[in-house]
Amino acid sequence: MATLFKNIKELIQVRTEPVSFVSGTAMNELPTIKNAFLVVENGLIADFGSMDLCPTTNFTEVIDATGKMVLPTWCDSHTHIVYAGNREGEFVDRINGLSYEEIANNGGGILNSAKKLQATSEEDLYNQSRARLEEIIQLGTGAVEIKSGYGLTEEAELKMLRVIKRLKENYDISIKATFLGAHAVPSEYKNNKEGYLQLLINDVIPKVAAEKLAEYIDIFCETGYFSVADTELILEAGKKYGLIPKIHVNQFTAIGGVEAGVKFNALSVDHLEVMNPEDIVALQNTSTMPVALPSCSYFLSIPYTPARKIIDAGLPLALATDYNPGSTPSGNMNFVVSTACIKMKMTPEEAINAATINGAYAMGLESEVGTITKGKLANLILTKPINSYGFIPYSFGANQIDKVFIKGKEVD
């Protein structure tokens, strides 16, 4: 089974040599081939090059991409798409003047979602989440990380992770699972945060590991949620069971969480809307990927991650959606790329790199997806006819995707 894409106006994110991620000035370099072909065999990228070298025989399917571009599917390394119901009531509360923190203190926020999820059956939760997953695939996402964290009880957290596992089994898209039991302190532990942390460490993490329900462990390191000491406690416990650290950090305040992430060799530190100079210094010369979530800043009207300071300091940056019911009810990576350019002053080249190869790295998937490279999965976006790839972020309110291919198969 071989498919030929021919007459591609521009083949984007072409990497002939292995690359884990790009950083600093290299983020502004996006290698392409104009007037190109691409061959897919058995779900993998088998060949590509200039049309004057295009093979002509033995293809099951030939797709004429005249006027269109091909690029790797988006790699969304931070989502919470397994959740129950929605929180549009809180959306109205914010319009009427309440802050995110005030809503949370009134029993809303994460605790509101946890209450709904605990009362939702596993089958219903799966069906709600499946619809969201199919939605983001149609929008061009070909690899995604999904977190727990809206359960906040042993039973509900494991239910979320089993749903993620089922999504992995039933869809061809690359999916990574993260255990985020330390997303907030449950109401019943309001005055006993230490007791909740010990529940996670002694009871839940061992079961997550035993059932192989997650690759990563995460915690919300933030004022009013979990401290740096709490963060180090959870990351240490997770690492003992082979769970790789990630952190929600610096969303509202900078309390030293970035340094803690680096100390524990976190794969990524996510949010970073508030960054001190020492946070940037701490990330230099490390393997930890900074991840920005511009849709969250847009929806909550909070500062945007200072992308220019991060990239100009020689660091890499990834982009992700943070798709969740409270602060980012959207999994549209096209909007994320546009917003990064419009509000964070990233170039289209930087934003596309951040949303493909760097996002893949932030999920440990850089050897499978994120670039046009022989042997990688043929997870591809075929655009509509466009003038340049800069038109993708420019046309922020429109969908420039014609078709999406996962492992070489067109998504229906």
# chains A, B, ... in the order shown; residues from 1 in each chain; ligands from 1
>>> select_by_dssp(residues="stretch 127-280 of chain A", states="alpha helix (DSSP H)", output="PyMOL selection string")
chain A and resi 127-138+154-170+193-199+205-210+228-240+257-263+277-280
>>> residues_around(residues="A:Ala266", least_positions_apart="4", cutoff="7 Å", atoms="only C-alpha atoms", output="short mmCIF file (atom, residue, chain, number, x, y, z; two decimals) with C-alpha atoms, in the first residue's frame")
data_model
loop_
_atom_site.label_atom_id
_atom_site.label_comp_id
_atom_site.auth_asym_id
_atom_site.auth_seq_id
_atom_site.Cartn_x
_atom_site.Cartn_y
_atom_site.Cartn_z
CA ILE A 244 8.53 11.08 33.96
CA PRO A 245 7.94 14.54 35.53
CA LYS A 246 6.04 17.42 33.97
CA GLY A 261 11.25 21.07 37.36
CA VAL A 262 14.82 21.37 36.16
CA THR A 288 13.43 20.56 29.87
#
>>> residues_around(residues="A:Gly142", least_positions_apart="3", cutoff="6 Å", atoms="only C-alpha atoms", output="ChimeraX atom specification")
/A:73-74,173,379
>>> select_by_dssp(residues="stretch 278-396 of chain A", states="strand (DSSP E or B)", output="PyMOL selection string")
chain A and resi 289-292+318-319+323-324+328+372+377+380-383
>>> write_last_selection(atoms="N, CA and C atoms", output="PDB file, in the first residue's frame")
ATOM      1  N   MET A 289      11.677  21.183  28.304  1.00  0.00           N
ATOM      2  CA  MET A 289      11.029  22.011  27.288  1.00  0.00           C
ATOM      3  C   MET A 289      10.042  22.986  27.911  1.00  0.00           C
ATOM      4  N   PRO A 290      10.217  24.295  27.726  1.00  0.00           N
ATOM      5  CA  PRO A 290       9.185  25.254  28.118  1.00  0.00           C
ATOM      6  C   PRO A 290       7.986  25.125  27.165  1.00  0.00           C
ATOM      7  N   VAL A 291       6.783  25.134  27.725  1.00  0.00           N
ATOM      8  CA  VAL A 291       5.567  24.999  26.920  1.00  0.00           C
ATOM      9  C   VAL A 291       4.628  26.167  27.213  1.00  0.00           C
ATOM     10  N   ALA A 292       4.219  26.869  26.171  1.00  0.00           N
ATOM     11  CA  ALA A 292       3.294  27.987  26.297  1.00  0.00           C
ATOM     12  C   ALA A 292       1.892  27.558  25.884  1.00  0.00           C
ATOM     13  N   ALA A 318       7.669  25.187  23.087  1.00  0.00           N
ATOM     14  CA  ALA A 318       6.596  24.428  22.453  1.00  0.00           C
ATOM     15  C   ALA A 318       5.281  25.140  22.688  1.00  0.00           C
ATOM     16  N   LEU A 319       4.311  24.862  21.826  1.00  0.00           N
ATOM     17  CA  LEU A 319       2.969  25.411  21.951  1.00  0.00           C
ATOM     18  C   LEU A 319       1.968  24.277  22.127  1.00  0.00           C
ATOM     19  N   TYR A 323      -6.445  22.348  26.352  1.00  0.00           N
ATOM     20  CA  TYR A 323      -7.881  22.073  26.191  1.00  0.00           C
ATOM     21  C   TYR A 323      -8.469  21.534  27.485  1.00  0.00           C
ATOM     22  N   ASN A 324      -9.369  22.305  28.092  1.00  0.00           N
ATOM     23  CA  ASN A 324     -10.000  21.916  29.355  1.00  0.00           C
ATOM     24  C   ASN A 324     -11.288  22.704  29.529  1.00  0.00           C
ATOM     25  N   THR A 328      -9.629  26.835  29.047  1.00  0.00           N
ATOM     26  CA  THR A 328      -9.368  26.759  27.607  1.00  0.00           C
ATOM     27  C   THR A 328     -10.280  25.728  26.956  1.00  0.00           C
ATOM     28  N   ILE A 372       8.744  16.111   8.688  1.00  0.00           N
ATOM     29  CA  ILE A 372       8.710  15.300   7.469  1.00  0.00           C
ATOM     30  C   ILE A 372      10.071  14.627   7.361  1.00  0.00           C
ATOM     31  N   LEU A 377       5.915   8.539  11.306  1.00  0.00           N
ATOM     32  CA  LEU A 377       4.516   8.318  10.968  1.00  0.00           C
ATOM     33  C   LEU A 377       4.045   9.352   9.948  1.00  0.00           C
ATOM     34  N   LEU A 380      -0.181  13.785   8.602  1.00  0.00           N
ATOM     35  CA  LEU A 380       0.024  14.912   7.706  1.00  0.00           C
ATOM     36  C   LEU A 380      -1.197  15.808   7.614  1.00  0.00           C
ATOM     37  N   ILE A 381      -0.933  17.090   7.431  1.00  0.00           N
ATOM     38  CA  ILE A 381      -1.961  18.066   7.085  1.00  0.00           C
ATOM     39  C   ILE A 381      -1.786  18.439   5.623  1.00  0.00           C
ATOM     40  N   LEU A 382      -2.861  18.329   4.854  1.00  0.00           N
ATOM     41  CA  LEU A 382      -2.904  18.847   3.487  1.00  0.00           C
ATOM     42  C   LEU A 382      -3.743  20.117   3.531  1.00  0.00           C
ATOM     43  N   THR A 383      -3.135  21.253   3.229  1.00  0.00           N
ATOM     44  CA  THR A 383      -3.851  22.520   3.316  1.00  0.00           C
ATOM     45  C   THR A 383      -4.764  22.714   2.114  1.00  0.00           C
TER      46      THR A 383
END
>>> atom_distance(atom1="atom CA of A:Tyr171", atom2="atom CA of A:Thr356")
19.7 Å
>>> residues_around(residues="A:His248", least_positions_apart="4", cutoff="6 Å", atoms="only C-alpha atoms", output="PyMOL selection string")
chain A and resi 219-221+270
>>> write_last_selection(atoms="C-alpha atoms", output="short mmCIF file (atom, residue, chain, number, x, y, z; two decimals), in the first residue's frame")
data_model
loop_
_atom_site.label_atom_id
_atom_site.label_comp_id
_atom_site.auth_asym_id
_atom_site.auth_seq_id
_atom_site.Cartn_x
_atom_site.Cartn_y
_atom_site.Cartn_z
CA ILE A 219 1.37 18.70 39.54
CA PHE A 220 -0.07 22.23 39.66
CA CYS A 221 2.75 24.14 41.35
CA ASP A 270 4.02 24.30 31.15
#
>>> closest_residue(among="A:Asn112, A:Asp124, A:Asp322, A:Val258", to="A:Asn86", atoms="only C-alpha atoms")
A:Asn112
>>> closest_atom_pairs(of="stretch 92-191 of chain A", to="stretch 348-355 of chain A", cutoff="12 Å", atoms="only C-alpha atoms", output="CSV")
residue,atom,partner,partner_atom,distance
A:Gly140,CA,A:Ala355,CA,10.9
A:Thr141,CA,A:Ala355,CA,9.6
A:Gly142,CA,A:Ala355,CA,11.0
A:Ala143,CA,A:Ala355,CA,10.5
A:Val144,CA,A:Ala355,CA,11.2
>>> closest_residue(among="A:Ile311, A:Val369, A:Cys75, A:Ile406", to="A:Arg15", atoms="only C-alpha atoms")
A:Val369
>>> atom_distance(atom1="atom CA of A:Lys343", atom2="atom CA of A:Leu293")
11.7 Å
